[in-house]
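Structure file entry.txt (compact mmCIF, C-alpha atoms) follows.
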# COMPACT_ATOMS: atom_id res chain seq x y z
CA MET A 1 86.93 -72.61 -62.18
CA ARG A 2 85.64 -70.87 -59.05
CA HIS A 3 86.31 -74.09 -57.03
CA ILE A 4 90.00 -74.05 -58.06
CA TRP A 5 90.34 -70.36 -57.08
CA ASN A 6 88.96 -71.04 -53.57
CA TRP A 7 91.28 -74.02 -53.15
CA ARG A 8 94.32 -71.93 -54.15
CA ARG A 9 93.30 -69.10 -51.86
CA TRP A 10 93.05 -71.52 -48.90
CA LEU A 11 96.40 -73.07 -49.79
CA VAL A 12 98.11 -69.67 -49.87
CA LEU A 13 96.46 -68.75 -46.59
CA LEU A 14 97.55 -72.00 -44.89
CA VAL A 15 101.13 -71.73 -46.17
CA SER A 16 101.33 -68.11 -45.00
CA LEU A 17 99.97 -69.04 -41.60
CA ALA A 18 102.45 -71.92 -41.29
CA LEU A 19 105.36 -69.59 -42.11
CA VAL A 20 104.22 -67.03 -39.55
CA LEU A 21 103.85 -69.70 -36.86
CA ALA A 22 107.25 -71.19 -37.69
CA ALA A 23 108.88 -67.77 -37.37
CA CYS A 24 107.23 -67.16 -34.01
CA GLY A 25 107.46 -70.65 -32.63
CA GLY A 26 110.26 -72.97 -31.78
CA SER A 27 111.61 -73.93 -28.44
CA ALA A 28 113.63 -71.43 -26.51
CA PRO A 29 117.05 -72.59 -25.35
CA ALA A 30 117.41 -73.34 -21.67
CA GLN A 31 118.30 -70.32 -19.60
CA THR A 32 121.86 -71.14 -18.63
CA SER A 33 122.69 -67.86 -16.91
CA ALA A 34 122.18 -67.89 -13.17
CA PRO A 35 119.74 -65.48 -11.53
CA ALA A 36 121.43 -62.72 -9.55
CA GLY A 37 123.04 -64.05 -6.40
CA SER A 38 122.90 -67.71 -7.47
CA GLN A 39 125.80 -70.09 -7.78
CA THR A 40 125.83 -72.17 -10.96
CA VAL A 41 126.28 -75.94 -10.67
CA ALA A 42 126.88 -77.97 -13.85
CA ILE A 43 125.20 -81.39 -13.80
CA THR A 44 126.03 -83.94 -16.49
CA GLU A 45 123.87 -87.02 -16.92
CA ARG A 46 125.15 -89.93 -18.97
CA ASP A 47 124.00 -93.50 -19.46
CA PHE A 48 124.19 -94.28 -16.48
CA ALA A 49 126.01 -91.80 -14.25
CA ILE A 50 125.57 -88.34 -12.77
CA GLN A 51 128.44 -85.89 -12.37
CA ALA A 52 128.32 -82.48 -10.69
CA SER A 53 130.74 -79.56 -10.65
CA LEU A 54 129.94 -79.12 -6.95
CA THR A 55 128.98 -81.75 -4.38
CA THR A 56 129.10 -79.77 -1.12
CA PHE A 57 126.38 -77.17 -0.66
CA LYS A 58 125.54 -74.48 1.90
CA PRO A 59 122.04 -74.06 3.31
CA GLY A 60 120.39 -70.77 2.40
CA VAL A 61 122.45 -70.30 -0.79
CA SER A 62 120.59 -70.19 -4.09
CA TYR A 63 121.93 -72.70 -6.64
CA HIS A 64 121.29 -72.64 -10.37
CA PHE A 65 121.61 -76.21 -11.66
CA VAL A 66 122.38 -76.49 -15.38
CA ILE A 67 121.54 -80.10 -16.22
CA THR A 68 122.75 -81.60 -19.50
CA ASN A 69 121.72 -85.04 -20.68
CA GLN A 70 124.68 -86.40 -22.64
CA GLY A 71 123.15 -89.87 -22.71
CA MET A 72 121.35 -91.71 -25.48
CA VAL A 73 118.07 -92.04 -23.54
CA ALA A 74 115.86 -89.68 -21.55
CA HIS A 75 116.71 -89.10 -17.89
CA GLU A 76 115.34 -87.15 -14.96
CA PHE A 77 117.08 -85.20 -12.21
CA LEU A 78 115.85 -85.46 -8.64
CA ILE A 79 117.30 -84.03 -5.47
CA MET A 80 116.38 -86.58 -2.83
CA PRO A 81 116.61 -85.83 0.90
CA HIS A 82 118.83 -88.93 1.39
CA SER A 83 119.91 -92.11 -0.38
CA MET A 84 116.92 -94.28 -1.22
CA GLY A 85 118.99 -97.43 -1.76
CA SER A 86 116.90 -100.59 -2.10
CA MET A 87 113.78 -98.73 -0.92
CA ALA A 88 113.57 -97.23 -4.40
CA GLN A 89 112.71 -100.64 -5.87
CA HIS A 90 109.54 -100.78 -3.78
CA MET A 91 108.24 -97.29 -4.53
CA SER A 92 106.31 -95.91 -7.48
CA MET A 93 107.59 -93.01 -9.57
CA ASP A 94 104.87 -90.82 -8.03
CA GLU A 95 106.06 -91.70 -4.53
CA MET A 96 109.66 -90.88 -5.46
CA HIS A 97 108.68 -87.54 -6.94
CA HIS A 98 106.60 -86.75 -3.86
CA LEU A 99 109.66 -87.36 -1.64
CA ALA A 100 112.01 -85.34 -3.86
CA LEU A 101 113.17 -81.92 -2.69
CA ALA A 102 113.24 -80.83 -6.34
CA ALA A 103 112.77 -82.58 -9.68
CA VAL A 104 113.09 -82.17 -13.42
CA GLU A 105 111.34 -84.93 -15.35
CA ASN A 106 111.93 -86.28 -18.85
CA ILE A 107 115.15 -84.65 -20.02
CA PRO A 108 115.61 -85.80 -23.64
CA PRO A 109 119.02 -86.87 -24.96
CA GLY A 110 121.12 -83.82 -25.83
CA ALA A 111 118.89 -81.41 -23.90
CA THR A 112 119.98 -78.87 -21.30
CA VAL A 113 117.51 -77.71 -18.65
CA THR A 114 117.85 -75.61 -15.53
CA LEU A 115 116.61 -75.84 -11.97
CA ASP A 116 116.92 -73.22 -9.24
CA TYR A 117 117.01 -74.59 -5.73
CA THR A 118 118.04 -73.43 -2.25
CA PHE A 119 118.77 -76.04 0.41
CA PRO A 120 116.82 -75.00 3.52
CA ARG A 121 118.63 -74.32 6.79
CA SER A 122 117.01 -77.48 8.16
CA ALA A 123 119.11 -79.48 5.64
CA ALA A 124 122.38 -78.46 7.35
CA GLY A 125 124.51 -81.53 8.03
CA SER A 126 122.45 -83.75 5.72
CA HIS A 127 123.55 -85.96 2.84
CA PRO A 128 121.06 -85.64 -0.02
CA GLU A 129 121.40 -87.52 -3.28
CA PHE A 130 121.07 -86.53 -6.93
CA ALA A 131 119.33 -89.36 -8.78
CA CYS A 132 117.41 -90.59 -11.79
CA PHE A 133 114.64 -93.05 -10.92
CA LEU A 134 113.45 -93.97 -14.38
CA PRO A 135 113.11 -97.77 -14.43
CA GLY A 136 116.53 -99.38 -14.00
CA HIS A 137 118.51 -96.13 -14.08
CA TYR A 138 119.13 -95.78 -10.33
CA GLU A 139 120.21 -99.40 -10.09
CA ALA A 140 122.57 -98.88 -13.05
CA GLY A 141 124.40 -96.12 -11.16
CA MET A 142 122.47 -92.90 -11.77
CA LYS A 143 122.99 -91.48 -8.30
CA LEU A 144 125.43 -89.09 -6.69
CA ALA A 145 125.82 -88.50 -2.98
CA VAL A 146 126.21 -84.84 -2.02
CA SER A 147 126.32 -83.02 1.30
CA VAL A 148 124.97 -79.86 2.85
CA GLN A 149 127.36 -78.18 5.26
CA GLY A 150 126.40 -78.05 8.91

Could the structure of this file be written out as structure tokens, please?
Amino acid sequence: MRHIWNWRRWLVLLVSLALVLAACGGSAPAQTSAPAGSQTVAITERDFAIQASLTTFKPGVSYHFVITNQGMVAHEFLIMPHSMGSMAQHMSMDEMHHLALAAVENIPPGATVTLDYTFPRSAAGSHPEFACFLPGHYEAGMKLAVSVQG
């Protein structure tokens, strides 16, 4: 009889703990409001395209990218210093991420994430690219040429 009482006590304790953790846990929604002084840019990723509400940027301005994956598979969002073209086929994911000006990896389908980024003054007059370099995605069209004003 004592064995059953201990088992029940542990069960009640575990259920209570699980309820407390469930109430405290969960994933917080992505912060979609821009920090003070930032300009919000909506980025939509689909299978296999990238769209942006803004494609011309100013150096020194803080941008708050709100990236939504409306595709059926995971994507990533990289701001590359320039178009990688066929060079991308000969580089590893680590090399691509090392070259990226900014990156958000593994954005699940249906998820919205944010990225704050300021193009440096040295980027004036450049033509960066938004891209996803998961295998086959770039080649399928997941790239968008943008520009930074001179």

**Report entry** Nearest-residue call for A:Thr55, choices A:Ala123, A:Ala42, A:Ala36, A:Gln70, using only C-alpha atoms
**Finding:**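 Comparing A:Ala123, A:Ala42, A:Ala36, A:Gln70 against A:Thr55, the winner is A:Ala42.
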
Contacts of stretch 43-47 of chain A at 8 Å (all atoms listed in the file; same-chain gap of 3+ positions) as a PDB file with C-alpha atoms, in the frame of the given file:
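Output file selection_37.pdb follows:
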ATOM      1  CA  ILE A  50     125.570 -88.340 -12.770  1.00  0.00           C
ATOM      2  CA  GLN A  51     128.440 -85.890 -12.370  1.00  0.00           C
ATOM      3  CA  ALA A  52     128.320 -82.480 -10.690  1.00  0.00           C
ATOM      4  CA  SER A  53     130.740 -79.560 -10.650  1.00  0.00           C
ATOM      5  CA  PHE A  65     121.610 -76.210 -11.660  1.00  0.00           C
ATOM      6  CA  VAL A  66     122.380 -76.490 -15.380  1.00  0.00           C
ATOM      7  CA  ILE A  67     121.540 -80.100 -16.220  1.00  0.00           C
ATOM      8  CA  THR A  68     122.750 -81.600 -19.500  1.00  0.00           C
ATOM      9  CA  ASN A  69     121.720 -85.040 -20.680  1.00  0.00           C
ATOM     10  CA  GLN A  70     124.680 -86.400 -22.640  1.00  0.00           C
ATOM     11  CA  GLY A  71     123.150 -89.870 -22.710  1.00  0.00           C
ATOM     12  CA  MET A  72     121.350 -91.710 -25.480  1.00  0.00           C
ATOM     13  CA  VAL A  73     118.070 -92.040 -23.540  1.00  0.00           C
ATOM     14  CA  HIS A  75     116.710 -89.100 -17.890  1.00  0.00           C
ATOM     15  CA  MET A 142     122.470 -92.900 -11.770  1.00  0.00           C
TER      16      MET A 142
END

Query raised in the report: atom CA of A:Gly125 to atom CA of A:Thr56: how many Å, to one decimal?
Result: 10.4 Å

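When only C-alpha atoms are used to compute distances to A:Phe133, the closest of the residues A:Ile79, A:Val41, A:Met87, A:Met93 turns out to be A:Met93.
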
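Between A:His90 and the candidates A:Glu76, A:Pro135, A:Gly110, A:Gly141, the tightest atom-to-atom separation, counting only C-alpha atoms, involves A:Pro135.
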
Query raised in the report: Interatomic distance between atom CA of A:Ala124 and atom CA of A:Ser92?
Result: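 Between these atoms lies a distance of 28.0 Å.
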
Requested in this report: Have a look at atom CA of A:Ser122 and atom CA of A:Pro35 and let me know their distance in Å, one decimal.
Outcome: 23.2 Å

Requested in this report: Go through A:Lys58, A:His137, A:His64, A:His82 one by one, measure the shortest atom-to-atom distance of each to A:Pro120 using only C-alpha atoms, and give the residue with the smallest value.
Outcome: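 Looking only at the distances to A:Pro120, the closest residue turns out to be A:Lys58.
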
Report task. Pick out the residues sitting within 12 Å of A:Asp94, and hand them over as a VMD selection string; count all atoms listed in the file, and ignore anything fewer than 3 positions along from it in its own chain. Result -> chain A and resid 88 90 to 91 97 to 100 103 105 133 to 134

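Shell of A:Phe130 at 8 Å, with only C-alpha atoms counted and residues fewer than 3 places along the chain excluded, is A:Ile50, A:Phe77, A:Leu78, A:Ile79, A:Met80, A:Lys143, A:Leu144, A:Ala145, A:Val146.
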
**Report entry** Shell of 8 Å around A:Phe119, all atoms listed in the file, local chain residues under 6 positions omitted, as an MDAnalysis selection string
**Finding:** chainID A and resid 57:62 148

**Report entry** Closest of A:Ser83, A:Ser147, A:Ala74, A:Ser33 to A:Pro109 - atom-to-atom distances counting all atoms listed in the file
**Finding:**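 Closest to A:Pro109, using all atoms listed in the file: A:Ala74.
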
Query raised in the report: Pick from A:Leu101, A:Ser38, A:Gly85, A:Pro108: nearest to A:Glu139, with only C-alpha atoms counted?
Result: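 Among the listed residues, the smallest separation from A:Glu139 belongs to A:Gly85.
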